[in-house]
Protein chains: 2
Amino acid sequence: MENKYVCSVDIGGTKIATAIMEYPADGGVPHPVFEAEVPTEAQEGGEAVFQRIEASIKAALEANPDVEVLGVGIGAAGVVDPKTGAIAYANEIMPGWSGVQLGPRLREDLGLPVAVVGDVQAHALGEAHWGVGKGKFSVLCLGIGTGIGGAYVENGRVMQGFHGAAGHMGHIECSAAAGIPCACGRSGHLESVASGTSIGRMYDERFGRVDPSRPSVGRDVNDLCRAGDAKATEVIHDAGFALGASLGSLANILDPEVIVLSGGVIHQGPDWRSQTWKDSVHEGYASQALDPLQDTPILIGSLEGDAPLIGAAEHLLASLK
Amino acid sequence: MENKYVCSVDIGGTKIATAIMEYPADGGVPHPVFEAEVPTEAQEGGEAVFQRIEASIKAALEANPDVEVLGVGIGAAGVVDPKTGAIAYANEIMPGWSGVQLGPRLREDLGLPVAVVGDVQAHALGEAHWGVGKGKFSVLCLGIGTGIGGAYVENGRVMQGFHGAAGHMGHIECSAAAGIPCACGRSGHLESVASGTSIGRMYDERFGRVDPSRPSVGRDVNDLCRAGDAKATEVIHDAGFALGASLGSLANILDPEVIVLSGGVIHQGPDWRSQTWKDSVHEGYASQALDPLQDTPILIGSLEGDAPLIGAAEHLLASLK
């Protein structure tokens, strides 16, 4: 067996990462042998972003003339049409991104197989295939950052949903959020009480800003919690408990073999994964999960930044089968 | 092509229904050519129930000596181990049912293929293959009765989960239920504000019993609502809105092509499906579903009582592939 190569792209609201991923012949973890990054400059509109993506892919392929890629796997911000790989829906963070025929145009222009999946779905595929979810029947992933997203992977395939919109785990009703407005325009959602943004907002609402010159963010509150501050500890506890309770709801629906938490809030803080937060998550989970599901492991993702690139490559490989 | 036959069994807390299902050679809807029913007598314990099931199957096969069945498909109360077809977990309605090696013992005793799935999962398989979900990529089914259960079917396969416990859609947090105890021992669940039992309880709590000699049930409240009673209309509205809101949460997670409502509350009332209730369900759904999911159809199941028997047969056929 020879090494295999896939071109992977991770399209976010702020940057476009492009890589050539090598799958070692010995079955080892896939890893980038080439990486490049450009700003998304989303405000320039969907067509400009598309041109930047295509140029990035072409540059990556040209920079690696001795590598023959099996195709291009893409994890993209927005809702991706599972049938075509076009962008079916995007919010105001990516103006004009909705409707971009990402998969179809790249397929035609590049003459290569192209498979597109949502960015959070790509992340989950990475963790399920090569991270802490490796070898598990099913993996429920939640990404906790400025917002909360998620994805469910069973038998190695990510559930995309009919419109590509499956996995909006941050936008389910959570008792702790009842009545609180959510960034999506609705109310009562998990994201409103457990994301990094929400943790900062909850602190400010209850106790006033940590730094009077700007709204607090999750890390501010976590830093105070580490230092033993009782008010910050209360907020962190409440956010963790709410997240755990929603994980319980999700387990009652999906019954995954393992739950994997990832994303900026989990990975970026110096020790965001504080014992307060962990204990609170487990307490919330125990309060909601049905008896046969009480012992479902809640793990921390192990791949960090490479997860979406690995997952995008896996999605491409699955599309070739 | 010839007609095919499957022995189907539907095991509930009160009765065990056994049927020989015929799949017409012309591709028409499968239907029972033989049916029998015995009381479950669950209080006699798991072993007695097992013996009654096995005797029912043998009697059905003996009564149809000219029919060769492909195997036995079973929809069973409780949580069914997807790997073996044993009963992994059951609540106090079926004492001693947990742990019964239903699939393994029947396979050995009958010398036939046996496939076991949860009863609500079987119901959903029926609707997805031959009811209003026919031909759809994915179907989210909720059964609304004394309790609320559910199942998700994608590409014709029901999601059973790692322990067989997927689909407990009644046991997710719903803002309208915050703080209200649920029959499962937890609190804040959809079932506590939208099941037939809960509708009766909500009416009694707010306005006193309809019939002072007994707690009200859903049908009592619906009858009043039909007669134009404003108090009953308020309760029916609130229950419908809560159900719709949870359907929105579920759509944000699963993104099904269609949502199908079924179960005793939907089918047994003379017109339980009142306009008040329908409007409230849609209002609740619209309040929670994300923009790309606002138009997901919410349908009423069409198979009624035969759905679990048809679904159990489908599960057996899928297991033979």
# chains A, B, ... in the order shown; residues from 1 in each chain; ligands from 1
call {"tool": "closest_atom_pairs", "arguments": {"of": "chain B", "to": "chain A", "cutoff": "9 Å", "atoms": "only C-alpha atoms", "output": "CSV"}}
result
residue,atom,partner,partner_atom,distance
B:Val79,CA,A:Pro292,CA,8.6
B:Ala88,CA,A:Pro292,CA,8.3
B:Tyr89,CA,A:Pro292,CA,7.0
B:Phe137,CA,A:Phe162,CA,7.0
B:Ser138,CA,A:Phe162,CA,7.0
B:Gly150,CA,A:Ile253,CA,8.5
B:Ala151,CA,A:Ile253,CA,8.2
B:Tyr152,CA,A:Ile253,CA,8.9
B:Glu154,CA,A:Gly161,CA,9.0
B:Met159,CA,A:Leu254,CA,7.7
B:Gln160,CA,A:Asp255,CA,7.9
B:Gly161,CA,A:Asp255,CA,4.6
B:Phe162,CA,A:Glu257,CA,5.4
B:His163,CA,A:Asp255,CA,6.7
B:Gly164,CA,A:Asp255,CA,7.4
B:Ala165,CA,A:Asp255,CA,5.8
B:Ala166,CA,A:Leu254,CA,4.8
B:Gly167,CA,A:Ile253,CA,4.6
B:His168,CA,A:Asn252,CA,5.2
B:Met169,CA,A:Ile253,CA,5.7
B:Gly170,CA,A:Asn252,CA,8.9
B:His171,CA,A:Asn252,CA,6.6
B:Ile172,CA,A:Ser249,CA,4.5
B:Glu173,CA,A:Cys174,CA,5.7
B:Cys174,CA,A:Glu173,CA,5.7
B:Ser175,CA,A:Ser175,CA,5.1
B:Ala176,CA,A:Ala178,CA,8.2
B:Ala177,CA,A:Ser175,CA,7.9
B:Ala178,CA,A:Ser175,CA,5.3
B:Gly179,CA,A:Ser175,CA,8.1
B:Cys184,CA,A:Leu290,CA,7.7
B:Gly185,CA,A:Leu290,CA,9.0
B:Arg186,CA,A:Gln288,CA,6.2
B:Ser187,CA,A:Gln288,CA,7.6
B:Gly188,CA,A:Ser175,CA,6.8
B:His189,CA,A:Ser249,CA,8.9
B:Ala245,CA,A:Glu173,CA,8.1
B:Ser246,CA,A:Glu173,CA,7.4
B:Gly248,CA,A:Ile172,CA,7.8
B:Ser249,CA,A:Ile172,CA,4.5
B:Leu250,CA,A:Ile172,CA,7.4
B:Ala251,CA,A:Ala166,CA,7.5
B:Asn252,CA,A:His168,CA,5.2
B:Ile253,CA,A:Gly167,CA,4.6
B:Leu254,CA,A:Ala166,CA,4.7
B:Asp255,CA,A:Gly161,CA,4.6
B:Pro256,CA,A:Phe162,CA,5.7
B:Glu257,CA,A:Phe162,CA,5.4
B:Ser287,CA,A:Arg186,CA,6.6
B:Gln288,CA,A:Arg186,CA,6.2
B:Ala289,CA,A:His171,CA,8.5
B:Leu290,CA,A:Cys184,CA,7.7
B:Asp291,CA,A:Tyr89,CA,8.7
B:Pro292,CA,A:Tyr89,CA,7.0
B:Leu293,CA,A:His163,CA,7.8
call {"tool": "select_by_dssp", "arguments": {"residues": "region 205-288 of chain B", "states": "strand (DSSP E or B)", "output": "ChimeraX atom specification"}}
result
/B:258-262
call {"tool": "write_last_selection", "arguments": {"atoms": "N, CA and C atoms", "output": "PDB file, in the first residue's frame"}}
result
ATOM      1  N   VAL B 258     -39.474  14.763   6.799  1.00  0.00           N
ATOM      2  CA  VAL B 258     -40.842  14.968   7.306  1.00  0.00           C
ATOM      3  C   VAL B 258     -40.908  14.562   8.780  1.00  0.00           C
ATOM      4  N   ILE B 259     -41.862  15.146   9.479  1.00  0.00           N
ATOM      5  CA  ILE B 259     -42.173  14.785  10.851  1.00  0.00           C
ATOM      6  C   ILE B 259     -43.541  14.104  10.836  1.00  0.00           C
ATOM      7  N   VAL B 260     -43.646  12.964  11.507  1.00  0.00           N
ATOM      8  CA  VAL B 260     -44.906  12.216  11.527  1.00  0.00           C
ATOM      9  C   VAL B 260     -45.365  12.059  12.977  1.00  0.00           C
ATOM     10  N   LEU B 261     -46.597  12.469  13.247  1.00  0.00           N
ATOM     11  CA  LEU B 261     -47.177  12.310  14.582  1.00  0.00           C
ATOM     12  C   LEU B 261     -48.161  11.150  14.558  1.00  0.00           C
ATOM     13  N   SER B 262     -48.094  10.349  15.606  1.00  0.00           N
ATOM     14  CA  SER B 262     -48.944   9.173  15.654  1.00  0.00           C
ATOM     15  C   SER B 262     -49.222   8.845  17.114  1.00  0.00           C
TER      16      SER B 262
END
call {"tool": "closest_residue", "arguments": {"among": "B:Asp81, B:Asp223, B:Asp238, B:Asp10", "to": "Ile199 (chain B)", "atoms": "only C-alpha atoms"}}
result
B:Asp238
call {"tool": "residues_around", "arguments": {"residues": "Glu68 (chain A)", "least_positions_apart": "6", "cutoff": "9 Å", "atoms": "only C-alpha atoms", "output": "list in words"}}
result
Lys4, Tyr5, Val6 and Leu61 of chain A
call {"tool": "residues_around", "arguments": {"residues": "region 30-38 of chain B", "least_positions_apart": "3", "cutoff": "7 Å", "atoms": "only C-alpha atoms", "output": "number ranges by chain"}}
result
B: 15-24, 310
call {"tool": "atom_distance", "arguments": {"atom1": "CA of Gly13 (chain A)", "atom2": "CA of Gly305 (chain A)"}}
result
15.2 Å
call {"tool": "closest_residue", "arguments": {"among": "A:Gly156, A:Gly78, A:Gly12, A:Pro65", "to": "Pro39 (chain A)", "atoms": "only C-alpha atoms"}}
result
A:Gly12
call {"tool": "atom_distance", "arguments": {"atom1": "CA of Glu41 (chain A)", "atom2": "CA of Val69 (chain A)"}}
result
27.3 Å
call {"tool": "residues_around", "arguments": {"residues": "Lys278 (chain B)", "least_positions_apart": "2", "cutoff": "10 Å", "atoms": "only C-alpha atoms", "output": "MDAnalysis selection string"}}
result
chainID B and resid 236:237 240:241 244 272:276 280:284 298
call {"tool": "select_by_dssp", "arguments": {"residues": "region 172-264 of chain A", "states": "helix (DSSP H, G or I)", "output": "NGL selection string"}}
result
:A and (175-177 or 191-194 or 196-207 or 218-226 or 230-254 or 264)
call {"tool": "closest_residue", "arguments": {"among": "A:Lys58, A:Arg214, A:Arg157, A:Arg107", "to": "Gly126 (chain A)", "atoms": "only C-alpha atoms"}}
result
A:Arg157
